[in-house]
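Content type compact mmCIF, C-alpha atoms, from the file work_32.txt:
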```txt
# COMPACT_ATOMS: atom_id res chain seq x y z
CA MET W 9 -15.10 -11.52 -6.02
CA ARG W 10 -13.23 -8.63 -4.42
CA HIS W 11 -14.58 -5.09 -4.60
CA LEU W 12 -13.45 -2.85 -7.42
CA ILE W 13 -10.68 -0.42 -6.68
CA GLU W 14 -10.87 3.24 -7.62
CA ASP W 15 -8.41 2.85 -10.50
CA GLU W 16 -10.65 0.23 -12.11
CA LEU W 17 -13.71 2.44 -11.69
CA ILE W 18 -11.86 5.31 -13.35
CA LEU W 19 -10.83 3.17 -16.31
CA MET W 20 -14.36 1.78 -16.62
CA HIS W 21 -15.79 5.30 -16.57
CA TYR W 22 -13.54 6.26 -19.46
CA GLY W 23 -14.17 3.05 -21.34
CA GLU W 24 -10.51 2.07 -21.12
CA ILE W 25 -11.22 -1.45 -19.88
CA HIS W 26 -13.92 -3.89 -20.83
CA ASP W 27 -14.04 -6.79 -18.42
CA ALA W 28 -17.17 -8.90 -18.09
CA ALA W 29 -16.32 -10.02 -14.55
CA LEU W 30 -15.83 -6.45 -13.36
CA ASP W 31 -19.06 -5.37 -15.02
CA ALA W 32 -20.97 -8.22 -13.45
CA HIS W 33 -19.62 -7.41 -9.99
CA LEU W 34 -20.53 -3.76 -10.34
CA GLN W 35 -24.06 -4.71 -11.31
CA SER W 36 -24.50 -6.77 -8.18
CA CYS W 37 -22.49 -4.93 -5.50
CA ALA W 38 -24.12 -2.02 -3.67
CA ASP W 39 -20.83 -0.84 -2.17
CA CYS W 40 -19.12 -0.63 -5.57
CA GLN W 41 -22.17 1.06 -7.08
CA SER W 42 -22.04 3.64 -4.30
CA GLU W 43 -18.34 4.23 -4.94
CA ALA W 44 -18.96 4.54 -8.69
CA ALA W 45 -21.76 7.04 -8.03
CA ALA W 46 -19.47 9.14 -5.83
CA LEU W 47 -16.86 9.20 -8.58
CA ARG W 48 -19.49 10.15 -11.13
CA ARG W 49 -20.63 13.10 -8.98
CA VAL W 50 -17.09 14.46 -9.04
CA PHE W 51 -16.88 14.04 -12.80
CA ASP W 52 -20.26 15.74 -13.19
CA ALA W 53 -19.01 18.68 -11.14
CA LEU W 54 -15.93 18.91 -13.35
CA ALA W 55 -18.20 19.21 -16.37
CA LEU W 56 -19.30 22.58 -14.98
CA GLU W 57 -15.94 24.05 -15.75
CA LEU W 58 -16.59 25.92 -18.97
CA VAL W 59 -14.24 27.02 -21.71
CA PRO W 60 -14.86 30.24 -23.67
CA GLU W 61 -16.27 29.49 -27.09
CA ARG W 62 -14.20 29.96 -30.21
CA GLY W 63 -16.31 30.02 -33.36
CA GLU W 64 -15.76 28.60 -36.80
CA GLU W 65 -13.92 31.75 -37.82
CA TYR W 66 -11.26 31.24 -35.15
CA ALA W 67 -9.01 29.10 -37.33
CA ALA W 68 -9.00 31.77 -40.04
CA GLU W 69 -8.05 34.40 -37.46
CA VAL W 70 -5.20 32.24 -36.19
CA TRP W 71 -4.01 31.60 -39.73
CA THR W 72 -4.06 35.33 -40.49
CA ARG W 73 -2.01 36.05 -37.40
CA VAL W 74 0.64 33.42 -38.01
CA ARG W 75 1.04 33.14 -41.75
CA TRP W 76 3.18 36.23 -42.31
CA GLN W 77 5.51 35.23 -39.49
CA PHE W 78 6.39 31.96 -41.15
CA GLY W 79 9.37 33.47 -42.89
CA SER W 80 10.52 33.38 -46.45
CA SER W 81 9.15 29.99 -47.39
CA ALA W 82 5.64 31.03 -46.48
CA ALA W 83 5.95 34.63 -47.52
CA GLN W 84 6.70 33.64 -51.08
CA ARG W 85 3.34 31.98 -51.25
CA THR W 86 1.24 34.58 -49.48
CA PRO W 87 -0.45 37.52 -51.15
CA ARG W 88 2.13 39.84 -49.57
CA ARG W 89 4.40 39.49 -52.59
CA ARG W 90 1.58 40.46 -54.87
CA LEU W 91 0.65 43.39 -52.62
CA LEU W 92 4.22 44.56 -52.56
CA ALA W 93 4.39 44.39 -56.32
CA THR W 94 1.14 46.34 -56.51
CA ALA W 95 2.50 49.01 -54.18
CA ALA W 96 5.67 49.35 -56.19
CA ALA W 97 3.84 49.48 -59.48
CA LEU W 98 1.41 52.08 -58.23
CA LEU W 99 4.21 54.28 -57.00
CA VAL W 100 6.46 53.89 -60.01
CA THR W 101 3.74 54.78 -62.49
CA GLY W 102 2.53 57.61 -60.30
CA PHE W 103 -0.87 56.08 -60.77
CA ILE W 104 -2.06 57.07 -57.36
CA GLY W 105 -0.77 60.63 -57.32
CA GLY W 106 -3.51 62.99 -56.26
CA ARG W 107 -6.05 60.21 -56.37
CA TYR W 108 -5.65 58.38 -53.10
CA LEU W 109 -9.00 58.29 -51.39
CA PHE W 110 -7.75 58.06 -47.85
CA ASN W 111 -10.87 59.81 -46.65
CA ALA W 112 -12.82 61.42 -49.38
CA ARG W 113 -15.12 63.37 -47.10
CA ASP W 114 -12.46 64.90 -44.89
CA HIS W 115 -9.71 65.24 -47.45
CA ALA W 116 -11.49 66.25 -50.60
CA THR W 117 -9.81 69.65 -50.48
CA ASP W 118 -6.39 68.12 -49.93
CA LEU W 119 -6.77 65.94 -52.96
CA ASN W 120 -7.30 68.98 -55.13
CA GLY W 121 -4.81 71.16 -53.29
CA PRO W 122 -1.15 71.99 -53.72
CA ALA W 123 0.08 68.51 -52.95
CA ALA W 124 -1.79 67.17 -55.90
CA THR W 125 -0.13 69.58 -58.27
CA ASN W 126 3.43 68.42 -57.86
CA GLN W 127 5.36 66.67 -60.55
CA LEU W 128 4.46 63.13 -59.58
CA ALA W 129 0.82 63.96 -59.33
CA SER W 130 0.94 65.33 -62.85
CA GLN W 131 2.41 62.11 -64.01
CA ALA W 132 -0.31 60.30 -62.13
CA VAL W 133 -3.04 62.21 -63.87
CA SER W 134 -1.52 61.23 -67.17
CA ALA W 135 -1.07 57.67 -66.09
CA SER W 136 -4.60 57.48 -64.79
CA ASN W 137 -5.84 57.85 -68.33
CA LEU W 138 -4.72 54.27 -68.78
CA SER W 139 -7.45 53.07 -66.54
CA SER W 140 -10.70 54.13 -64.99
CA GLU W 141 -10.74 56.03 -61.74
CA ASN W 142 -12.66 53.30 -59.98
CA SER W 143 -10.31 50.51 -60.85
CA GLY W 144 -7.27 52.58 -59.85
CA ASN W 145 -8.62 53.51 -56.44
CA ALA W 146 -9.88 50.01 -55.86
CA ALA W 147 -6.46 48.53 -56.55
CA LEU W 148 -4.82 51.00 -54.22
CA ASP W 149 -7.36 50.55 -51.45
CA PHE W 150 -7.03 46.82 -51.68
CA ALA W 151 -3.25 46.87 -51.47
CA ALA W 152 -2.96 49.65 -48.89
CA GLY W 153 -5.75 48.18 -46.81
CA GLU W 154 -3.96 44.86 -46.61
CA HIS W 155 -0.73 46.60 -45.68
CA ILE W 156 -2.43 48.59 -42.93
CA GLU W 157 -4.01 45.44 -41.53
CA ASP W 158 -0.72 43.53 -41.63
CA SER W 159 1.05 46.42 -39.91
CA THR W 160 -1.65 46.54 -37.26
CA ARG W 161 -1.30 42.83 -36.57
CA PHE W 162 2.46 43.13 -36.41
CA LEU W 163 2.40 45.99 -33.89
CA LEU W 164 -0.44 44.41 -31.93
CA ASP W 165 1.54 41.23 -31.57
CA LEU W 166 4.54 43.18 -30.30
CA ASN W 167 2.40 45.20 -27.96
CA ASN W 168 0.85 42.09 -26.46
CA ARG W 169 4.16 40.45 -25.70
CA ARG W 170 5.09 40.38 -22.06
CA GLU W 171 8.43 40.61 -20.39
CA GLY W 172 10.04 37.21 -20.45
CA ASP W 173 8.22 36.02 -23.55
CA ALA W 174 10.50 34.82 -26.26
CA VAL W 175 10.55 37.67 -28.76
CA ALA W 176 12.34 36.70 -31.88
CA SER W 177 13.31 39.68 -33.93
CA PRO W 178 12.00 39.51 -37.46
CA SER W 179 15.49 40.22 -38.73
CA SER W 180 15.53 36.89 -40.51
CA ASN W 181 11.87 37.06 -41.45
CA GLU W 182 11.26 37.76 -45.11
CA GLY W 183 7.65 38.69 -44.40
CA ALA W 184 8.69 41.46 -42.02
CA ARG W 185 11.27 42.73 -44.50
CA ASP W 186 8.52 42.95 -47.08
CA LEU W 187 6.48 44.90 -44.58
CA VAL W 188 9.27 47.46 -44.27
CA VAL W 189 9.64 47.81 -48.03
CA ALA W 190 5.89 48.06 -48.56
CA ASN W 191 5.62 50.61 -45.78
CA ARG W 192 8.21 52.82 -47.42
CA LEU W 193 6.44 52.64 -50.77
CA TYR W 194 3.04 53.44 -49.30
CA ARG W 195 4.46 56.27 -47.21
CA GLN W 196 6.02 57.88 -50.26
CA ALA W 197 2.87 57.34 -52.27
CA ALA W 198 0.67 58.78 -49.56
CA ALA W 199 2.89 61.82 -49.16
CA THR W 200 2.86 62.38 -52.90
CA ALA W 201 -0.90 62.11 -53.01
CA GLY W 202 -1.36 64.50 -50.10
CA ALA W 203 -2.79 61.84 -47.79
CA SER W 204 -0.91 63.43 -44.92
CA GLU W 205 -2.46 61.48 -42.06
CA LEU W 206 -1.65 58.15 -43.67
CA ALA W 207 1.85 59.32 -44.53
CA ASP W 208 2.40 60.53 -40.96
CA VAL W 209 1.37 57.24 -39.40
CA LEU W 210 3.47 55.21 -41.80
CA GLU W 211 6.39 57.51 -41.07
CA GLN W 212 6.02 56.75 -37.36
CA ILE W 213 5.86 53.02 -37.98
CA GLU W 214 8.83 52.82 -40.28
CA PRO W 215 11.62 53.39 -37.71
CA ILE W 216 10.13 50.68 -35.50
CA LEU W 217 9.97 48.21 -38.36
CA LEU W 218 13.51 49.06 -39.45
CA GLU W 219 14.83 48.74 -35.92
CA LEU W 220 13.33 45.27 -35.61
CA VAL W 221 14.50 44.05 -38.98
CA HIS W 222 18.04 45.26 -38.42
CA GLY W 223 18.12 44.55 -34.70
CA PRO W 224 19.46 41.60 -32.70
CA GLU W 225 18.16 38.07 -33.08
CA GLU W 226 16.09 38.36 -29.90
CA LEU W 227 14.75 41.42 -28.15
CA SER W 228 15.75 42.04 -24.57
CA PRO W 229 12.96 42.92 -22.09
CA ASP W 230 14.16 46.54 -22.05
CA GLU W 231 14.13 46.74 -25.85
CA LEU W 232 10.66 45.24 -25.95
CA THR W 233 9.38 47.69 -23.35
CA ALA W 234 10.91 50.64 -25.21
CA ILE W 235 9.20 49.62 -28.44
CA GLN W 236 5.88 49.05 -26.70
CA THR W 237 6.15 52.50 -25.15
CA ARG W 238 6.70 54.02 -28.58
CA ILE W 239 3.71 52.17 -30.00
CA GLU W 240 1.48 53.30 -27.16
CA SER W 241 2.71 56.87 -26.80
CA GLY W 242 2.25 57.42 -30.52
CA GLU W 243 -1.24 55.83 -30.40
CA LEU W 244 -0.13 53.97 -33.49
CA LEU W 245 -2.58 51.12 -33.21
CA PHE W 246 -5.50 53.52 -32.82
CA LYS W 247 -4.39 55.56 -35.83
CA LEU W 248 -3.94 52.47 -37.98
CA ARG W 249 -7.39 51.22 -37.09
CA VAL W 250 -8.95 54.56 -38.02
CA ILE W 251 -7.21 54.46 -41.39
CA ALA W 252 -8.25 50.86 -41.98
CA SER W 253 -11.81 51.79 -41.13
CA ASN W 254 -11.75 54.69 -43.60
CA ILE W 255 -10.40 52.46 -46.33
CA ARG W 256 -13.07 49.86 -45.69
CA GLU W 257 -15.70 52.58 -45.85
CA GLN W 258 -14.38 53.77 -49.19
CA GLN W 259 -14.38 50.24 -50.52
CA LYS W 260 -17.97 49.80 -49.42
CA VAL W 261 -19.02 53.07 -51.08
CA ARG W 262 -17.30 51.96 -54.26
CA ARG W 263 -18.92 48.52 -54.19
CA ASP W 264 -22.35 50.05 -53.65
CA SER W 265 -21.88 52.47 -56.50
CA VAL W 266 -21.02 49.77 -59.03
CA ARG W 267 -23.43 47.05 -57.85
CA ILE W 268 -24.88 45.23 -60.80
CA PRO W 269 -28.63 44.56 -60.65
CA LYS W 270 -29.43 40.88 -60.43
CA SER W 271 -32.66 41.15 -62.34
CA PRO W 272 -34.70 43.76 -64.22
CA ARG W 273 -36.83 44.23 -61.10
CA ASP W 274 -33.73 45.53 -59.24
CA LEU W 275 -33.30 48.33 -61.74
CA MET O 12 -6.68 15.72 -46.83
CA PRO O 13 -5.16 13.81 -43.90
CA ASP O 14 -2.74 15.61 -41.58
CA VAL O 15 0.17 13.56 -42.83
CA ALA O 16 -0.48 14.64 -46.41
CA ALA O 17 -0.74 18.29 -45.40
CA VAL O 18 2.55 18.01 -43.51
CA ALA O 19 4.19 16.48 -46.58
CA ARG O 20 2.95 19.35 -48.75
CA VAL O 21 4.28 21.94 -46.31
CA ARG O 22 7.63 20.17 -46.25
CA GLY O 23 7.56 20.22 -50.02
CA GLY O 24 7.36 24.01 -49.96
CA ASP O 25 3.61 24.60 -49.97
CA ALA O 26 3.30 26.71 -46.83
CA GLU O 27 -0.38 27.37 -47.58
CA ALA O 28 -1.05 23.69 -46.81
CA PHE O 29 -0.31 24.54 -43.20
CA ARG O 30 -3.59 26.42 -43.17
CA LEU O 31 -5.42 23.09 -43.17
CA LEU O 32 -3.57 22.02 -40.03
CA VAL O 33 -4.41 25.32 -38.37
CA GLU O 34 -8.06 24.94 -39.31
CA ARG O 35 -8.20 21.41 -37.97
CA HIS O 36 -6.36 21.85 -34.69
CA SER O 37 -6.68 25.47 -33.54
CA ARG O 38 -9.87 25.03 -31.52
CA PRO O 39 -8.79 21.86 -29.66
CA ILE O 40 -5.46 23.54 -28.93
CA PHE O 41 -7.30 26.59 -27.60
CA ARG O 42 -9.40 24.42 -25.28
CA LEU O 43 -6.34 22.61 -23.96
CA ALA O 44 -4.44 25.86 -23.51
CA TYR O 45 -7.35 27.48 -21.70
CA ARG O 46 -7.74 24.57 -19.32
CA LEU O 47 -4.04 24.59 -18.59
CA THR O 48 -3.54 28.33 -18.26
CA ARG O 49 -7.07 29.23 -17.12
CA ASN O 50 -6.68 32.52 -18.94
CA GLU O 51 -8.35 33.35 -22.24
CA GLU O 52 -5.71 35.78 -23.45
CA ASP O 53 -2.92 33.40 -22.56
CA ALA O 54 -4.73 30.60 -24.37
CA ASP O 55 -4.88 32.68 -27.54
CA ASP O 56 -1.17 33.38 -27.19
CA VAL O 57 -0.50 29.68 -26.78
CA VAL O 58 -2.43 28.83 -29.93
CA GLN O 59 -0.50 31.34 -32.01
CA GLU O 60 2.89 30.38 -30.60
CA THR O 61 2.13 26.67 -30.91
CA PHE O 62 1.52 26.90 -34.64
CA LEU O 63 4.55 29.10 -35.16
CA ARG O 64 6.73 26.61 -33.31
CA ALA O 65 5.17 23.69 -35.14
CA PHE O 66 5.88 25.33 -38.49
CA LYS O 67 9.47 26.05 -37.58
CA LYS O 68 10.05 22.55 -36.20
CA LEU O 69 8.13 20.65 -38.82
CA GLU O 70 11.28 19.01 -40.13
CA THR O 71 11.71 17.31 -36.76
CA PHE O 72 8.21 15.84 -36.82
CA ASP O 73 8.13 12.08 -37.35
CA SER O 74 5.48 11.43 -40.00
CA ARG O 75 4.73 8.02 -38.51
CA ALA O 76 3.41 9.78 -35.41
CA SER O 77 0.17 11.71 -35.04
CA PHE O 78 0.40 15.40 -35.90
CA GLY O 79 -2.41 16.07 -33.40
CA THR O 80 -0.48 14.44 -30.59
CA TRP O 81 2.68 16.28 -31.57
CA ILE O 82 1.08 19.71 -31.67
CA HIS O 83 -0.74 19.09 -28.38
CA ARG O 84 2.65 18.41 -26.86
CA ILE O 85 4.01 21.70 -28.19
CA ALA O 86 0.97 23.52 -26.80
CA MET O 87 1.37 21.83 -23.42
CA ASN O 88 5.03 22.78 -23.18
CA TYR O 89 4.44 26.38 -24.14
CA SER O 90 1.46 26.65 -21.77
CA TYR O 91 3.61 25.58 -18.86
CA ASP O 92 6.47 27.84 -19.92
CA LEU O 93 4.00 30.71 -19.87
CA MET O 94 2.52 29.70 -16.53
CA ARG O 95 5.90 29.32 -14.89
CA LYS O 96 6.72 32.88 -15.87
CA ARG O 97 3.34 34.07 -14.58
CA ASN O 98 3.62 32.04 -11.39
CA ARG O 99 6.94 33.54 -10.48
CA ALA O 100 5.36 36.99 -10.48
CA THR O 101 2.16 35.77 -8.81
CA THR O 102 4.01 33.90 -6.09
CA GLU O 103 5.95 37.01 -5.24
CA GLU O 104 2.70 38.98 -5.01
CA LEU O 105 1.07 36.32 -2.83
CA ASP O 106 4.09 36.16 -0.55
CA GLU O 107 3.85 39.88 -0.02
CA ALA O 108 0.09 39.71 0.61
CA GLU O 109 0.41 36.82 3.06
CA SER O 110 3.18 38.46 4.99
CA ALA O 111 0.93 41.49 5.41
CA SER O 112 -2.11 39.41 6.45
CA PRO O 113 -2.89 39.37 10.19
CA THR O 114 -4.49 35.88 10.13
CA ASP O 115 -3.55 32.51 8.67
CA VAL O 116 -6.73 30.96 7.33
CA SER O 117 -5.26 27.56 6.55
CA SER O 118 -4.21 26.96 10.12
CA THR O 119 -7.56 27.82 11.67
CA HIS O 120 -10.02 26.11 9.34
CA GLY O 121 -10.44 22.55 8.11
CA ALA O 122 -10.17 21.83 4.41
CA ASP O 123 -13.86 21.01 4.17
CA ARG O 124 -14.94 24.33 5.59
CA ILE O 125 -12.72 26.24 3.23
CA ILE O 126 -14.11 24.33 0.26
CA LEU O 127 -17.68 25.03 1.28
CA ARG O 128 -16.89 28.70 1.52
CA LEU O 129 -15.15 28.81 -1.81
CA GLY O 130 -18.05 27.40 -3.77
CA LEU O 131 -17.94 24.94 -6.61
CA GLN O 132 -16.21 27.12 -9.19
CA ASP O 133 -13.42 28.06 -6.85
CA ALA O 134 -13.12 24.45 -5.74
CA LEU O 135 -12.76 23.37 -9.36
CA LYS O 136 -10.06 25.95 -9.81
CA LYS O 137 -8.31 24.85 -6.65
CA GLY O 138 -8.61 21.24 -7.71
CA MET O 139 -7.01 21.83 -11.07
CA GLN O 140 -4.30 23.93 -9.49
CA SER O 141 -3.52 21.11 -7.08
CA LEU O 142 -2.42 18.91 -9.99
CA SER O 143 1.10 18.69 -11.28
CA GLU O 144 1.72 19.72 -14.89
CA ASN O 145 1.59 16.17 -16.22
CA GLU O 146 -1.43 15.30 -14.08
CA ARG O 147 -3.36 18.31 -15.31
CA THR O 148 -2.51 17.66 -18.95
CA ALA O 149 -3.32 13.98 -18.73
CA PHE O 150 -6.59 14.63 -16.98
CA VAL O 151 -7.68 17.41 -19.35
CA LEU O 152 -6.88 15.32 -22.42
CA ARG O 153 -8.65 12.26 -21.05
CA HIS O 154 -11.64 13.86 -19.38
CA TYR O 155 -12.39 16.85 -21.58
CA GLU O 156 -10.82 16.01 -24.93
CA GLY O 157 -11.57 12.28 -24.88
CA MET O 158 -8.07 11.23 -25.88
CA SER O 159 -7.10 7.62 -25.31
CA ILE O 160 -4.44 6.61 -22.78
CA ASP O 161 -2.13 5.78 -25.71
CA GLU O 162 -2.56 9.22 -27.27
CA ILE O 163 -2.03 10.95 -23.94
CA GLY O 164 1.13 8.94 -23.47
CA GLY O 165 2.26 10.29 -26.83
CA VAL O 166 1.71 13.86 -25.66
CA LEU O 167 3.41 13.36 -22.30
CA GLY O 168 6.09 11.04 -23.59
CA THR O 169 5.20 8.37 -21.05
CA GLU O 170 4.44 4.64 -21.21
CA VAL O 171 0.89 3.31 -20.82
CA ASN O 172 1.15 2.36 -17.16
CA ALA O 173 2.80 5.63 -16.21
CA THR O 174 0.10 7.52 -18.09
CA LYS O 175 -2.63 5.62 -16.30
CA ASN O 176 -1.04 6.28 -12.92
CA THR O 177 -0.81 9.98 -13.76
CA ILE O 178 -4.53 10.05 -14.46
CA PHE O 179 -5.30 8.07 -11.30
CA ARG O 180 -3.33 10.53 -9.18
CA ALA O 181 -5.12 13.44 -10.81
CA VAL O 182 -8.54 11.98 -10.09
CA LYS O 183 -7.61 11.21 -6.48
CA LYS O 184 -6.47 14.80 -5.91
CA LEU O 185 -9.59 16.21 -7.51
CA ARG O 186 -11.79 13.95 -5.41
CA GLU O 187 -10.10 15.12 -2.24
CA ILE O 188 -11.05 18.68 -3.08
CA LEU O 189 -14.46 18.10 -4.65
CA ASP O 190 -15.93 15.15 -2.74
CA PRO O 191 -16.91 17.19 0.32
CA LEU O 192 -18.59 19.74 -1.87
CA VAL O 193 -20.55 17.43 -4.14
CA ARG O 194 -21.76 15.44 -1.14
CA THR O 195 -23.43 18.55 0.21
CA THR O 196 -25.17 19.60 -3.00
```
Let me see the structure of the file written as structure tokens.
Amino acid sequence: MRHLIEDELILMHYGEIHDAALDAHLQSCADCQSEAAALRRVFDALALELVPERGEEYAAEVWTRVRWQFGSSAAQRTPRRRLLATAAALLVTGFIGGRYLFNARDHATDLNGPAATNQLASQAVSASNLSSENSGNAALDFAAGEHIEDSTRFLLDLNNRREGDAVASPSSNEGARDLVVANRLYRQAAATAGASELADVLEQIEPILLELVHGPEELSPDELTAIQTRIESGELLFKLRVIASNIREQQKVRRDSVRIPKSPRDL
Amino acid sequence: MPDVAAVARVRGGDAEAFRLLVERHSRPIFRLAYRLTRNEEDADDVVQETFLRAFKKLETFDSRASFGTWIHRIAMNYSYDLMRKRNRATTEELDEAESASPTDVSSTHGADRIILRLGLQDALKKGMQSLSENERTAFVLRHYEGMSIDEIGGVLGTEVNATKNTIFRAVKKLREILDPLVRTT
């Protein structure tokens, strides 16, 4: 029988052909065995090319990044709608006035200062009687925290785009429109509550969001660069992360303070 | 839930069902994208963009086909779009660097010597870069992802024999680069 050609050895290596005659020849032919061994050495070397690991959590991260960009059909089924409703309800009832724990340690004075004595804050104090302080702050932190994280992802995605990448404007994206509306509500609420740092950051974000929502279908490289410059010069991502961190800290403090003992021994 | 059922649910308006497809395919897509782009950040971009494109184009997906094959094809196309943009910039930089270089290495050294100097990792990189887009995709899917020739043909849009020949060419090119090096180790 003739010797095996390289193509046959490749297919045999990958298990793409099963031919008894070819197998038998390979078993008995030193030349073909030598050729197969040489091929295997190359394949072994190729196995040394490593790929960075992505853990089990990677899929969840990808899903978080993409879900809000899916547009109206997806947005209607994501928690954003609920968060938006929460934001609106909190603002309308004045529930959060004077009670927003943006950073309790650094802003305790602010929360009891002049900003907390305005009309809306008065309404909030009255409204807060409808519920406990803990549940009110928890609801706000949950909703605002999600909004901050969504805004961070949105700006981060823009900031990571490079010239020449296709950058579809979210003008037709219901999720991004919700982001604008939610941002406005949280900004007003934060200002009312005297959470000036949060209000300031949201005020800086808002024009960017509005510009994108009302802008052209696709951003030009110059427009993209201009927006990235504004994000970076305003250190918006850094500020958002600090706020998100503060909110998480407050949530943790709240969780720890209301932890229910699992058994009498934990008391 | 099989992919086809998840796709049907998404088409029926349940966008959350798309999460299942993301969970199932994001890591294989990342591996493919990384091997094609050879850049971790780019690979993450490819994964995100691939799922966005898949969601937007889901109505065009033929349910009789494999969703995995279809989304690999989207990832491949976007990876090469990205690389072509990168390469334009890189080629310009290299042209400038070479024009400023006083010596031409390729004309004074044999291929074997260069490979020995580069080391195995660089040789692997050079080997993969020597492949055409289809050759690289076919080889990565066959060698690293264990896809069958049929499935790879589905990704590339080529017939069985053409797919095989693409893989054969890829292996030949890789051997030309790597053979001298693995013989010496």
**OP:** Please determine the contact residues of chain O with respect to chain W at a cut-off of 9 Å, counting only C-alpha atoms, and supply them as a ChimeraX atom specification.
**Re:** /O:24-27,29-30,33-38,41-42,45-46,49,51,55-56,58-60,62-63,66-67,93,96,131-132,135-136,153-155,157,159-160,175-176,178-179,182-183,185-186,189-190,193-194
Subject >> Interatomic distance (Å, one decimal) between atom CA of W:Ser228 and atom CA of W:Ile156 >> reply: 26.7 Å
**OP:** For stretch 161-164 of chain O, please output as number ranges by chain all residues within 8 Å (counting only C-alpha atoms; exclusion window: fewer than 4 positions along the same chain).
**Re:** O: 80, 149, 152-153, 168-171, 174
Write to file, as a compact mmCIF listing (two decimals), keeping the file's coordinate frame, the residues of the selection just made, with C-alpha atoms.
```txt
# COMPACT_ATOMS: atom_id res chain seq x y z
CA THR O 80 -0.48 14.44 -30.59
CA ALA O 149 -3.32 13.98 -18.73
CA LEU O 152 -6.88 15.32 -22.42
CA ARG O 153 -8.65 12.26 -21.05
CA GLY O 168 6.09 11.04 -23.59
CA THR O 169 5.20 8.37 -21.05
CA GLU O 170 4.44 4.64 -21.21
CA VAL O 171 0.89 3.31 -20.82
CA THR O 174 0.10 7.52 -18.09
```
Original post:
Distance atom CA of W:Asp208-atom CA of W:Leu164, one decimal place?
Top reply: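 For atom CA of W:Asp208 relative to atom CA of W:Leu164, the distance reads 18.7 Å.
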Original post:
In Å, with one decimal, what is the gap from atom CA of O:Arg97 to atom CA of O:His83?
Top reply: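 Going from atom CA of O:Arg97 over to atom CA of O:His83 covers 20.8 Å.
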Original post:
With only C-alpha atoms as the atoms that count, which of O:Ala134, O:Ile82, O:Leu43, O:Ala65 lies nearest to O:Ile188?
Top reply: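 Nearest candidate to O:Ile188 out of O:Ala134, O:Ile82, O:Leu43, O:Ala65: O:Ala134.
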